[in-house]
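Novice: For reference, the file upload-v1.pdb (PDB, C-alpha atoms and all ligand atoms) is included below:
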```pdb
ATOM      1  CA  MET T   1       9.091  78.281   3.767
ATOM      2  CA  THR T   2      10.175  80.337   0.749
ATOM      3  CA  GLN T   3      12.781  78.378  -1.159
ATOM      4  CA  PHE T   4      13.304  80.419  -4.317
ATOM      5  CA  ASN T   5      14.099  84.060  -4.766
ATOM      6  CA  ARG T   6      12.511  84.384  -8.212
ATOM      7  CA  ILE T   7      10.627  81.905 -10.448
ATOM      8  CA  LEU T   8       9.616  82.692 -14.032
ATOM      9  CA  LEU T   9       6.272  81.321 -15.232
ATOM     10  CA  THR T  10       5.712  81.523 -19.001
ATOM     11  CA  GLY T  11       2.196  81.199 -20.412
ATOM     12  CA  ALA T  12       0.902  82.884 -17.254
ATOM     13  CA  GLY T  13      -2.257  84.098 -19.027
ATOM     14  CA  GLY T  14      -3.326  80.606 -20.100
ATOM     15  CA  GLY T  15      -5.661  78.116 -18.468
ATOM     16  CA  LEU T  16      -2.909  76.405 -16.472
ATOM     17  CA  GLY T  17      -0.856  79.605 -16.106
ATOM     18  CA  LYS T  18      -3.707  81.255 -14.186
ATOM     19  CA  ILE T  19      -3.830  78.296 -11.790
ATOM     20  CA  LEU T  20      -0.040  78.304 -11.314
ATOM     21  CA  ARG T  21       0.010  82.083 -10.813
ATOM     22  CA  GLN T  22      -1.760  81.385  -7.524
ATOM     23  CA  GLY T  23      -0.217  77.966  -6.884
ATOM     24  CA  LEU T  24       3.473  78.886  -7.260
ATOM     25  CA  ALA T  25       3.313  82.205  -5.381
ATOM     26  CA  PRO T  26       4.095  80.619  -1.965
ATOM     27  CA  LEU T  27       7.291  79.046  -3.340
ATOM     28  CA  CYS T  28       9.174  82.265  -4.082
ATOM     29  CA  LYS T  29       9.749  85.839  -3.012
ATOM     30  CA  THR T  30       8.998  87.044  -6.533
ATOM     31  CA  LEU T  31       6.968  85.322  -9.224
ATOM     32  CA  ARG T  32       7.804  86.712 -12.653
ATOM     33  CA  LEU T  33       4.914  86.175 -15.048
ATOM     34  CA  SER T  34       5.192  86.260 -18.796
ATOM     35  CA  ASP T  35       2.826  85.901 -21.736
ATOM     36  CA  ARG T  36       2.045  87.723 -24.948
ATOM     37  CA  VAL T  37      -1.460  88.547 -23.701
ATOM     38  CA  ASP T  38      -2.428  91.051 -21.012
ATOM     39  CA  LEU T  39      -1.854  89.716 -17.481
ATOM     40  CA  GLY T  40      -3.612  92.468 -15.534
ATOM     41  CA  GLU T  41      -2.062  94.213 -12.532
ATOM     42  CA  ALA T  42       0.996  92.753 -10.827
ATOM     43  CA  ALA T  43       0.406  91.791  -7.180
ATOM     44  CA  LEU T  44       3.007  92.778  -4.573
ATOM     45  CA  ASN T  45       5.170  89.677  -5.083
ATOM     46  CA  GLU T  46       4.780  89.651  -8.906
ATOM     47  CA  GLU T  47       6.627  91.043 -11.921
ATOM     48  CA  ILE T  48       5.008  91.066 -15.352
ATOM     49  CA  VAL T  49       6.783  90.762 -18.698
ATOM     50  CA  ILE T  50       4.677  90.902 -21.861
ATOM     51  CA  ALA T  51       6.667  89.304 -24.683
ATOM     52  CA  ASP T  52       6.538  86.797 -27.502
ATOM     53  CA  LEU T  53       8.559  83.616 -26.996
ATOM     54  CA  ASP T  54       9.829  83.818 -30.569
ATOM     55  CA  ASP T  55      11.787  86.977 -29.615
ATOM     56  CA  MET T  56      15.172  85.768 -28.274
ATOM     57  CA  ASP T  57      16.151  89.181 -26.852
ATOM     58  CA  ALA T  58      12.919  89.316 -24.879
ATOM     59  CA  VAL T  59      13.402  85.752 -23.581
ATOM     60  CA  MET T  60      16.972  86.680 -22.529
ATOM     61  CA  GLU T  61      15.564  89.586 -20.502
ATOM     62  CA  MET T  62      12.778  87.577 -18.846
ATOM     63  CA  THR T  63      15.155  84.794 -17.740
ATOM     64  CA  LYS T  64      17.632  87.165 -16.022
ATOM     65  CA  ASP T  65      18.029  86.639 -12.258
ATOM     66  CA  VAL T  66      15.612  83.716 -12.010
ATOM     67  CA  ASP T  67      16.258  80.515 -10.034
ATOM     68  CA  ALA T  68      13.930  78.325 -12.072
ATOM     69  CA  VAL T  69      11.509  78.482 -15.009
ATOM     70  CA  ALA T  70       8.086  76.855 -15.286
ATOM     71  CA  HIS T  71       7.683  76.893 -19.063
ATOM     72  CA  PHE T  72       3.949  76.739 -19.832
ATOM     73  CA  GLY T  73       3.779  79.218 -22.741
ATOM     74  CA  GLY T  74       3.138  78.182 -26.324
ATOM     75  CA  LYS T  75       0.554  76.782 -28.700
ATOM     76  CA  SER T  76      -1.354  74.312 -26.530
ATOM     77  CA  VAL T  77      -3.203  72.366 -29.242
ATOM     78  CA  GLU T  78      -2.543  71.253 -32.825
ATOM     79  CA  GLY T  79      -1.972  74.130 -35.230
ATOM     80  CA  LYS T  80      -0.401  75.257 -38.469
ATOM     81  CA  TYR T  81       3.285  74.480 -38.921
ATOM     82  CA  LYS T  82       4.418  78.118 -38.710
ATOM     83  CA  GLU T  83       2.548  78.709 -35.477
ATOM     84  CA  ILE T  84       3.971  75.535 -33.905
ATOM     85  CA  LEU T  85       7.427  76.462 -35.209
ATOM     86  CA  HIS T  86       7.435  79.997 -33.775
ATOM     87  CA  SER T  87       5.660  79.453 -30.450
ATOM     88  CA  ASN T  88       6.805  75.961 -29.475
ATOM     89  CA  ILE T  89       9.975  75.017 -31.334
ATOM     90  CA  MET T  90      11.697  78.419 -31.531
ATOM     91  CA  GLY T  91      10.071  79.460 -28.240
ATOM     92  CA  GLY T  92      11.334  76.304 -26.523
ATOM     93  CA  TYR T  93      14.818  76.755 -27.934
ATOM     94  CA  HIS T  94      14.929  80.382 -26.812
ATOM     95  CA  VAL T  95      13.962  79.386 -23.264
ATOM     96  CA  TYR T  96      16.724  76.727 -23.065
ATOM     97  CA  GLU T  97      19.375  78.876 -24.683
ATOM     98  CA  ALA T  98      18.525  81.934 -22.567
ATOM     99  CA  CYS T  99      18.639  79.751 -19.426
ATOM    100  CA  ARG T 100      22.095  78.535 -20.431
ATOM    101  CA  LEU T 101      23.364  82.059 -21.072
ATOM    102  CA  ASN T 102      21.784  83.418 -17.871
ATOM    103  CA  GLY T 103      22.831  80.479 -15.666
ATOM    104  CA  VAL T 104      19.311  79.258 -14.772
ATOM    105  CA  PRO T 105      19.722  75.761 -13.293
ATOM    106  CA  ARG T 106      16.247  74.203 -13.660
ATOM    107  CA  ILE T 107      13.250  74.181 -16.016
ATOM    108  CA  VAL T 108       9.892  72.522 -15.471
ATOM    109  CA  TYR T 109       8.506  71.974 -18.937
ATOM    110  CA  ALA T 110       4.827  71.566 -19.811
ATOM    111  CA  SER T 111       5.192  68.725 -22.301
ATOM    112  CA  SER T 112       2.236  66.639 -23.396
ATOM    113  CA  ASN T 113       0.960  63.097 -23.772
ATOM    114  CA  HIS T 114       0.753  63.937 -27.503
ATOM    115  CA  ALA T 115       4.547  63.380 -27.694
ATOM    116  CA  ILE T 116       3.682  59.673 -27.326
ATOM    117  CA  GLY T 117       0.091  59.734 -28.622
ATOM    118  CA  TYR T 118       0.372  56.901 -31.184
ATOM    119  CA  TYR T 119       1.123  54.242 -28.575
ATOM    120  CA  PRO T 120      -1.837  51.910 -28.142
ATOM    121  CA  ARG T 121      -3.642  52.123 -24.821
ATOM    122  CA  THR T 122      -3.092  48.381 -24.365
ATOM    123  CA  GLN T 123       0.687  48.923 -24.117
ATOM    124  CA  ARG T 124       1.576  50.159 -20.646
ATOM    125  CA  ILE T 125       4.391  52.551 -21.470
ATOM    126  CA  ASP T 126       6.589  54.417 -19.005
ATOM    127  CA  ASP T 127       8.713  57.551 -19.367
ATOM    128  CA  SER T 128      11.538  55.741 -21.202
ATOM    129  CA  VAL T 129       9.832  54.828 -24.502
ATOM    130  CA  PRO T 130      10.859  56.567 -27.748
ATOM    131  CA  HIS T 131       8.644  59.451 -28.825
ATOM    132  CA  ARG T 132       5.656  58.594 -30.990
ATOM    133  CA  PRO T 133       3.986  61.966 -31.605
ATOM    134  CA  ASP T 134       0.452  62.170 -32.972
ATOM    135  CA  THR T 135       0.551  65.723 -34.405
ATOM    136  CA  LEU T 136       2.938  68.577 -35.243
ATOM    137  CA  TYR T 137       2.085  69.843 -31.755
ATOM    138  CA  GLY T 138       3.279  66.483 -30.381
ATOM    139  CA  VAL T 139       6.467  66.764 -32.461
ATOM    140  CA  SER T 140       7.162  70.168 -30.888
ATOM    141  CA  LYS T 141       6.766  68.633 -27.416
ATOM    142  CA  ALA T 142       9.141  65.793 -28.364
ATOM    143  CA  PHE T 143      11.621  68.389 -29.703
ATOM    144  CA  VAL T 144      11.700  70.333 -26.448
ATOM    145  CA  GLU T 145      12.006  67.108 -24.408
ATOM    146  CA  ASP T 146      15.070  66.348 -26.540
ATOM    147  CA  LEU T 147      16.410  69.874 -25.989
ATOM    148  CA  ALA T 148      16.048  69.160 -22.268
ATOM    149  CA  SER T 149      18.161  66.027 -22.729
ATOM    150  CA  LEU T 150      20.859  67.920 -24.654
ATOM    151  CA  TYR T 151      20.957  70.853 -22.259
ATOM    152  CA  TYR T 152      21.318  68.509 -19.278
ATOM    153  CA  ASP T 153      24.008  66.272 -20.766
ATOM    154  CA  LYS T 154      26.031  69.137 -22.243
ATOM    155  CA  HIS T 155      25.279  72.090 -19.963
ATOM    156  CA  GLY T 156      23.956  70.602 -16.705
ATOM    157  CA  ILE T 157      20.567  72.368 -16.824
ATOM    158  CA  GLU T 158      18.031  70.131 -15.056
ATOM    159  CA  THR T 159      14.516  69.588 -16.412
ATOM    160  CA  VAL T 160      11.380  67.822 -15.353
ATOM    161  CA  SER T 161       9.211  67.360 -18.457
ATOM    162  CA  LEU T 162       5.565  66.895 -17.515
ATOM    163  CA  ARG T 163       3.671  64.867 -20.114
ATOM    164  CA  ILE T 164       0.377  66.384 -19.056
ATOM    165  CA  GLY T 165      -2.744  64.341 -19.818
ATOM    166  CA  SER T 166      -5.853  66.568 -19.594
ATOM    167  CA  SER T 167      -5.759  69.331 -16.988
ATOM    168  CA  PHE T 168      -9.164  70.946 -16.682
ATOM    169  CA  PRO T 169     -11.583  71.642 -13.815
ATOM    170  CA  GLU T 170     -13.122  68.211 -14.379
ATOM    171  CA  PRO T 171     -12.854  65.308 -16.880
ATOM    172  CA  ARG T 172     -15.181  65.787 -19.850
ATOM    173  CA  ASP T 173     -15.218  62.440 -21.669
ATOM    174  CA  HIS T 174     -14.317  58.746 -21.358
ATOM    175  CA  ARG T 175     -10.683  59.254 -22.316
ATOM    176  CA  MET T 176     -10.228  61.892 -19.650
ATOM    177  CA  LEU T 177     -11.237  59.352 -17.006
ATOM    178  CA  ALA T 178      -7.694  58.027 -17.601
ATOM    179  CA  THR T 179      -5.862  61.249 -18.527
ATOM    180  CA  TRP T 180      -7.325  63.805 -16.101
ATOM    181  CA  LEU T 181      -4.983  65.932 -13.957
ATOM    182  CA  SER T 182      -6.800  68.023 -11.349
ATOM    183  CA  TYR T 183      -5.615  71.584 -10.750
ATOM    184  CA  ASP T 184      -4.534  70.771  -7.170
ATOM    185  CA  ASP T 185      -2.491  67.825  -8.422
ATOM    186  CA  LEU T 186      -1.004  70.036 -11.160
ATOM    187  CA  ILE T 187       0.207  72.510  -8.528
ATOM    188  CA  GLN T 188       1.623  69.661  -6.451
ATOM    189  CA  LEU T 189       3.381  68.161  -9.487
ATOM    190  CA  VAL T 190       4.992  71.461 -10.531
ATOM    191  CA  THR T 191       5.998  72.145  -6.911
ATOM    192  CA  CYS T 192       7.650  68.707  -6.597
ATOM    193  CA  SER T 193       9.404  69.254  -9.933
ATOM    194  CA  LEU T 194      10.813  72.590  -8.782
ATOM    195  CA  LYS T 195      11.862  71.408  -5.329
ATOM    196  CA  ALA T 196      13.136  67.835  -5.810
ATOM    197  CA  HIS T 197      16.895  67.369  -5.442
ATOM    198  CA  HIS T 198      19.023  66.290  -8.412
ATOM    199  CA  VAL T 199      16.353  65.568 -11.010
ATOM    200  CA  GLY T 200      18.766  65.498 -13.967
ATOM    201  CA  ASN T 201      16.665  65.152 -17.103
ATOM    202  CA  HIS T 202      13.448  63.581 -15.858
ATOM    203  CA  VAL T 203      10.151  62.789 -17.606
ATOM    204  CA  VAL T 204       6.878  62.149 -15.792
ATOM    205  CA  TYR T 205       3.211  61.858 -16.716
ATOM    206  CA  GLY T 206       0.872  64.573 -15.472
ATOM    207  CA  VAL T 207      -2.175  62.622 -14.295
ATOM    208  CA  SER T 208      -4.182  62.342 -11.086
ATOM    209  CA  ASP T 209      -4.766  59.146  -9.106
ATOM    210  CA  ASN T 210      -7.367  57.900 -11.594
ATOM    211  CA  ASN T 211      -8.565  54.290 -11.428
ATOM    212  CA  GLU T 212      -7.991  53.976 -15.163
ATOM    213  CA  GLN T 213      -4.379  54.706 -16.192
ATOM    214  CA  PHE T 214      -2.708  54.493 -19.619
ATOM    215  CA  TRP T 215       0.843  55.045 -18.340
ATOM    216  CA  ASP T 216       3.250  53.664 -15.739
ATOM    217  CA  ASN T 217       4.031  56.788 -13.739
ATOM    218  CA  ALA T 218       6.634  55.429 -11.302
ATOM    219  CA  SER T 219       9.023  58.239 -12.329
ATOM    220  CA  ALA T 220       6.621  60.821 -10.841
ATOM    221  CA  ARG T 221       6.750  59.092  -7.456
ATOM    222  CA  LEU T 222      10.559  59.457  -7.523
ATOM    223  CA  ILE T 223      10.184  63.250  -7.254
ATOM    224  CA  GLY T 224       7.661  62.937  -4.405
ATOM    225  CA  TYR T 225       4.417  63.369  -6.360
ATOM    226  CA  VAL T 226       1.471  61.727  -4.595
ATOM    227  CA  PRO T 227      -1.722  62.721  -6.444
ATOM    228  CA  LYS T 228      -4.729  63.357  -4.240
ATOM    229  CA  ASP T 229      -7.591  63.468  -6.754
ATOM    230  CA  SER T 230      -9.283  60.878  -8.941
ATOM    231  CA  SER T 231     -11.571  61.117 -11.972
ATOM    232  CA  GLU T 232     -13.703  58.285 -10.573
ATOM    233  CA  SER T 233     -16.195  60.623  -8.908
ATOM    234  CA  TYR T 234     -17.073  61.952 -12.401
ATOM    235  CA  ARG T 235     -17.534  58.523 -14.019
ATOM    236  CA  GLU T 236     -21.266  58.284 -13.501
ATOM    237  CA  LYS T 237     -21.858  61.764 -14.948
ATOM    238  CA  ILE T 238     -19.733  60.966 -18.020
ATOM    239  CA  GLU T 239     -21.285  57.520 -18.572
ATOM    240  CA  LYS T 240     -24.724  59.146 -18.419
ATOM    241  CA  ASN T 241     -24.111  62.227 -20.586
ATOM    242  CA  VAL T 242     -21.318  61.394 -23.029
ATOM    243  CA  GLU T 243     -21.765  58.895 -25.839
ATOM    244  CA  ARG T 244     -19.321  55.966 -25.618
ATOM    245  CA  PRO T 245     -17.001  56.103 -28.631
ATOM    246  CA  ASP T 246     -16.547  53.221 -31.115
ATOM    247  CA  ARG T 247     -13.848  50.880 -29.726
ATOM    248  CA  THR T 248     -12.362  50.268 -33.180
ATOM    249  CA  ASP T 249     -11.700  53.945 -33.857
ATOM    250  CA  PRO T 250      -7.970  54.887 -33.806
ATOM    251  CA  SER T 251      -8.829  57.668 -31.348
ATOM    252  CA  VAL T 252      -9.902  54.959 -28.880
ATOM    253  CA  ILE T 253      -7.118  52.506 -29.723
ATOM    254  CA  CYS T 254      -4.344  55.113 -29.259
ATOM    255  CA  CYS T 255      -3.679  57.082 -26.111
ATOM    256  CA  GLY T 256      -3.539  60.418 -27.996
ATOM    257  CA  GLY T 257      -7.308  60.267 -28.545
ATOM    258  CA  MET T 258      -8.799  62.447 -31.282
ATOM    259  CA  TYR T 259      -5.403  63.981 -32.087
ATOM    260  CA  VAL T 260      -4.486  60.803 -34.016
ATOM    261  CA  ASN T 261      -7.414  61.470 -36.364
ATOM    262  CA  TYR T 262      -6.558  65.118 -37.039
ATOM    263  CA  PRO T 263      -5.607  66.040 -40.610
ATOM    264  CA  HIS T 264      -2.468  68.048 -41.367
ATOM    265  CA  TRP T 265      -3.481  71.465 -40.036
ATOM    266  CA  ASP T 266      -2.010  73.327 -43.028
ATOM    267  CA  ASP T 267      -4.659  71.616 -45.206
ATOM    268  CA  LYS T 268      -7.400  73.376 -43.262
ATOM    269  CA  GLU T 269      -9.032  76.617 -44.400
ATOM    270  CA  ASP T 270      -8.277  79.685 -42.206
TER     271      ASP T 270
HETATM  272  N1  LIG L 301      -4.313  71.885 -20.351
HETATM  273  C1  LIG L 301      -3.927  70.658 -20.643
HETATM  274  O1  LIG L 301      -4.657  69.692 -20.433
HETATM  275  C2  LIG L 301      -2.562  70.408 -21.246
HETATM  276  C3  LIG L 301      -2.259  69.091 -21.652
HETATM  277  C4  LIG L 301      -0.970  68.833 -22.172
HETATM  278  C5  LIG L 301      -0.041  69.860 -22.261
HETATM  279  N2  LIG L 301      -0.382  71.129 -21.868
HETATM  280  C6  LIG L 301       0.623  72.187 -22.033
HETATM  281  O2  LIG L 301       0.609  73.068 -20.919
HETATM  282  C7  LIG L 301       0.870  74.409 -21.340
HETATM  283  C8  LIG L 301      -0.257  75.310 -20.875
HETATM  284  O3  LIG L 301      -1.488  74.800 -21.371
HETATM  285  P1  LIG L 301      -2.844  75.630 -21.242
HETATM  286  O4  LIG L 301      -3.951  74.648 -21.260
HETATM  287  O5  LIG L 301      -2.732  76.601 -20.125
HETATM  288  O6  LIG L 301      -2.838  76.393 -22.631
HETATM  289  P2  LIG L 301      -3.351  77.863 -22.977
HETATM  290  O7  LIG L 301      -3.480  77.925 -24.466
HETATM  291  O8  LIG L 301      -4.542  78.208 -22.152
HETATM  292  O9  LIG L 301      -2.134  78.787 -22.508
HETATM  293  C9  LIG L 301      -0.955  78.932 -23.264
HETATM  294  C10 LIG L 301      -0.467  80.361 -23.066
HETATM  295  O10 LIG L 301       0.720  80.513 -23.840
HETATM  296  C11 LIG L 301       0.684  81.789 -24.461
HETATM  297  N3  LIG L 301       1.461  81.775 -25.707
HETATM  298  C12 LIG L 301       1.195  81.062 -26.831
HETATM  299  N4  LIG L 301       2.105  81.321 -27.769
HETATM  300  C13 LIG L 301       2.956  82.235 -27.240
HETATM  301  C14 LIG L 301       4.088  82.921 -27.740
HETATM  302  N5  LIG L 301       4.545  82.714 -28.984
HETATM  303  N6  LIG L 301       4.708  83.816 -26.941
HETATM  304  C15 LIG L 301       4.258  84.049 -25.660
HETATM  305  N7  LIG L 301       3.181  83.423 -25.137
HETATM  306  C16 LIG L 301       2.544  82.531 -25.917
HETATM  307  C17 LIG L 301      -0.785  82.057 -24.748
HETATM  308  O11 LIG L 301      -1.046  83.449 -24.869
HETATM  309  C18 LIG L 301      -1.478  81.403 -23.560
HETATM  310  O12 LIG L 301      -1.759  82.344 -22.531
HETATM  311  C19 LIG L 301       1.007  74.355 -22.874
HETATM  312  O13 LIG L 301       2.379  74.271 -23.200
HETATM  313  C20 LIG L 301       0.312  73.051 -23.249
HETATM  314  O14 LIG L 301       0.839  72.503 -24.445
HETATM  315  C21 LIG L 301      -1.616  71.424 -21.379
END
```
Kindly return the structure encoded in the file as structure tokens.
Specialist:
Amino acid sequence: MTQFNRILLTGAGGGLGKILRQGLAPLCKTLRLSDRVDLGEAALNEEIVIADLDDMDAVMEMTKDVDAVAHFGGKSVEGKYKEILHSNIMGGYHVYEACRLNGVPRIVYASSNHAIGYYPRTQRIDDSVPHRPDTLYGVSKAFVEDLASLYYDKHGIETVSLRIGSSFPEPRDHRMLATWLSYDDLIQLVTCSLKAHHVGNHVVYGVSDNNEQFWDNASARLIGYVPKDSSESYREKIEKNVERPDRTDPSVICCGGMYVNYPHWDDKED
């Protein structure tokens, strides 16, 4: 049954955006897709808006007459400060502020495990721990999670922030055996986040039903998420083909993986 009239999906041209372009279509009469890259032809139930998230006027336009936003646009890995600032921090602020001004009641935000990446894997954290970002990218995710908190407490806009682990067609290394989120489970998680009643400001981890888990994800069950996939079927392939990393390396001690070892990106040559 169609529940929404119009949903906006930002980052629709990205890896996860392409999956959600198909996966969210059944939930709404019209799926409005936005990105700064070409999105091809609009299907019958689609609208396309090409815009940069750092342009507030454009974000105001794209959030008009929508019932909910799935905010997946932005820099999706570590980057230079200015890029993170424009795409993630200003972009995130524009989405929240435009939703307030246009009366949009709910946002599903693609946050990241890198907002809490410096926690050791031995500490079983849940959604309530203070942020412990491992990169400027992680700081931007923590910032938007805090915007979500402010915009719920002050303006009543509901958010589910998804601290996504690693969402790819299949897990590629030992860490991803714990952090993998299959594409089917991603669609289910975003669907639950859009449809659940009274979510307030809610944080969940975006992972499948993997045998290995870094995080206590009880908060995801509260919105009805029951993951169907597991990384376990890929374990043998990974054990055989991928070298086991040194257990004393910070990237193995901390849940953020190699992000904890990254230098400051502005020190890197272009
Ligand atoms: N894939 C994962 O495993 C994973 C893990 C954690 C978090 N996430 C988050 O999920 C979201 C989607 O991830 P993805 O893997 O699809 O990334 P992606 O890089 O494939 O897609 C991001 C999209 O955002 C668009 N974008 C970037 N900056 C923009 C700007 N300033 N204005 C307009 N559009 C802009 C890009 O053009 C791109 O199409 C991101 O926010 C990412 O941080 C993904």
Novice: Within 8 Å of ligand LIG 301 (chain L), which residues show up when you count all atoms listed in the file? List them as JSON, numbers by chain, please.
Specialist: {"T": [10, 11, 12, 13, 14, 15, 16, 17, 18, 34, 35, 36, 37, 50, 51, 52, 53, 54, 71, 72, 73, 74, 75, 76, 77, 83, 86, 87, 88, 91, 109, 110, 111, 112, 113, 114, 137, 141, 162, 163, 164, 165, 166, 167, 168, 180, 181]}
Novice: Enumerate, as a compact mmCIF listing (two decimals) with C-alpha atoms, in the frame of the given file, the residues matched when the PyMOL selection byres (((chain T and resi 233) around 12) and not hetatm) is run on the file above.
Specialist:
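Saved to expr14.txt:
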```
# COMPACT_ATOMS: atom_id res chain seq x y z
CA GLU T 170 -13.12 68.21 -14.38
CA PRO T 171 -12.85 65.31 -16.88
CA LEU T 177 -11.24 59.35 -17.01
CA TRP T 180 -7.32 63.80 -16.10
CA ASP T 209 -4.77 59.15 -9.11
CA ASN T 210 -7.37 57.90 -11.59
CA ASN T 211 -8.56 54.29 -11.43
CA ASP T 229 -7.59 63.47 -6.75
CA SER T 230 -9.28 60.88 -8.94
CA SER T 231 -11.57 61.12 -11.97
CA GLU T 232 -13.70 58.28 -10.57
CA TYR T 234 -17.07 61.95 -12.40
CA ARG T 235 -17.53 58.52 -14.02
CA GLU T 236 -21.27 58.28 -13.50
CA LYS T 237 -21.86 61.76 -14.95
CA ILE T 238 -19.73 60.97 -18.02
CA GLU T 239 -21.28 57.52 -18.57
```
Novice: Could you check the closest approach to T:Thr30 for each of T:Tyr183, T:Tyr152, T:Phe143, T:Phe4 and tell me which residue wins, using all atoms listed in the file?
Specialist: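 Smallest distance to T:Thr30 is found for T:Phe4.
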Novice: Pick out the closest residue to T:Val226 from this set: T:Gly257, T:Pro245, T:Gly40, T:Gly206. Count only C-alpha atoms.
Specialist: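 Residue with the minimum atom-to-atom distance to T:Val226: T:Gly206.
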Novice: Applied to the shown file, which residues does the PyMOL selection byres (((chain T and resi 124) around 10) and not hetatm) return, written as an NGL selection string?
Specialist: :T and (119-123 or 125-126 or 213-217)
Novice: Apply the PyMOL selection byres (((chain T and resi 80) around 9) and not hetatm) to the structure shown and report the selected residues as a list in words.
Specialist: Glu78, Gly79, Tyr81, Lys82, Glu83, Ile84, Leu85, Leu136, Tyr137, His264, Trp265, Asp266, Asp267 and Lys268 of chain T
Novice: Would you work out the distance separating atom CA of T:Ile187 from atom CA of T:Leu20, expressed in Å to one decimal?
Specialist: 6.4 Å
Novice: Calculated over all atoms listed in the file, which of the candidates T:Glu46, T:Asp127, T:Asp270, T:Glu158 has the smallest distance to T:Val204?
Specialist: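 That would be T:Asp127, the residue with the smallest distance to T:Val204.
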Novice: Taking the point (8.3, 91.6, -2.4) as given in the file, collect each protein or nucleic acid residue that comes within 12 Å of it, counting only C-alpha atoms, and present the set as a PyMOL selection string.
Specialist: chain T and resi 2+5-6+25-26+28-32+42-47
Novice: Export C-alpha atoms of the chosen residues as an mmCIF file, in the frame of the given file?
Specialist:
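The new file out.cif reads:
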```cif
data_model
loop_
_atom_site.group_PDB
_atom_site.id
_atom_site.type_symbol
_atom_site.label_atom_id
_atom_site.label_comp_id
_atom_site.auth_asym_id
_atom_site.auth_seq_id
_atom_site.Cartn_x
_atom_site.Cartn_y
_atom_site.Cartn_z
ATOM 1 C CA THR T 2 10.175 80.337 0.749
ATOM 2 C CA ASN T 5 14.099 84.060 -4.766
ATOM 3 C CA ARG T 6 12.511 84.384 -8.212
ATOM 4 C CA ALA T 25 3.313 82.205 -5.381
ATOM 5 C CA PRO T 26 4.095 80.619 -1.965
ATOM 6 C CA CYS T 28 9.174 82.265 -4.082
ATOM 7 C CA LYS T 29 9.749 85.839 -3.012
ATOM 8 C CA THR T 30 8.998 87.044 -6.533
ATOM 9 C CA LEU T 31 6.968 85.322 -9.224
ATOM 10 C CA ARG T 32 7.804 86.712 -12.653
ATOM 11 C CA ALA T 42 0.996 92.753 -10.827
ATOM 12 C CA ALA T 43 0.406 91.791 -7.180
ATOM 13 C CA LEU T 44 3.007 92.778 -4.573
ATOM 14 C CA ASN T 45 5.170 89.677 -5.083
ATOM 15 C CA GLU T 46 4.780 89.651 -8.906
ATOM 16 C CA GLU T 47 6.627 91.043 -11.921
#
```
Novice: Separation of atom CA of T:Tyr205 and atom CA of T:Asp246, in Å?
Specialist: 25.9 Å
Novice: Nearest to T:Val203 among T:Ile253, T:Val129, T:Cys99, T:Ala70, with distances taken over all atoms listed in the file: which residue is it?
Specialist: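 Between T:Ile253, T:Val129, T:Cys99, T:Ala70, the residue approaching T:Val203 most closely is T:Val129.
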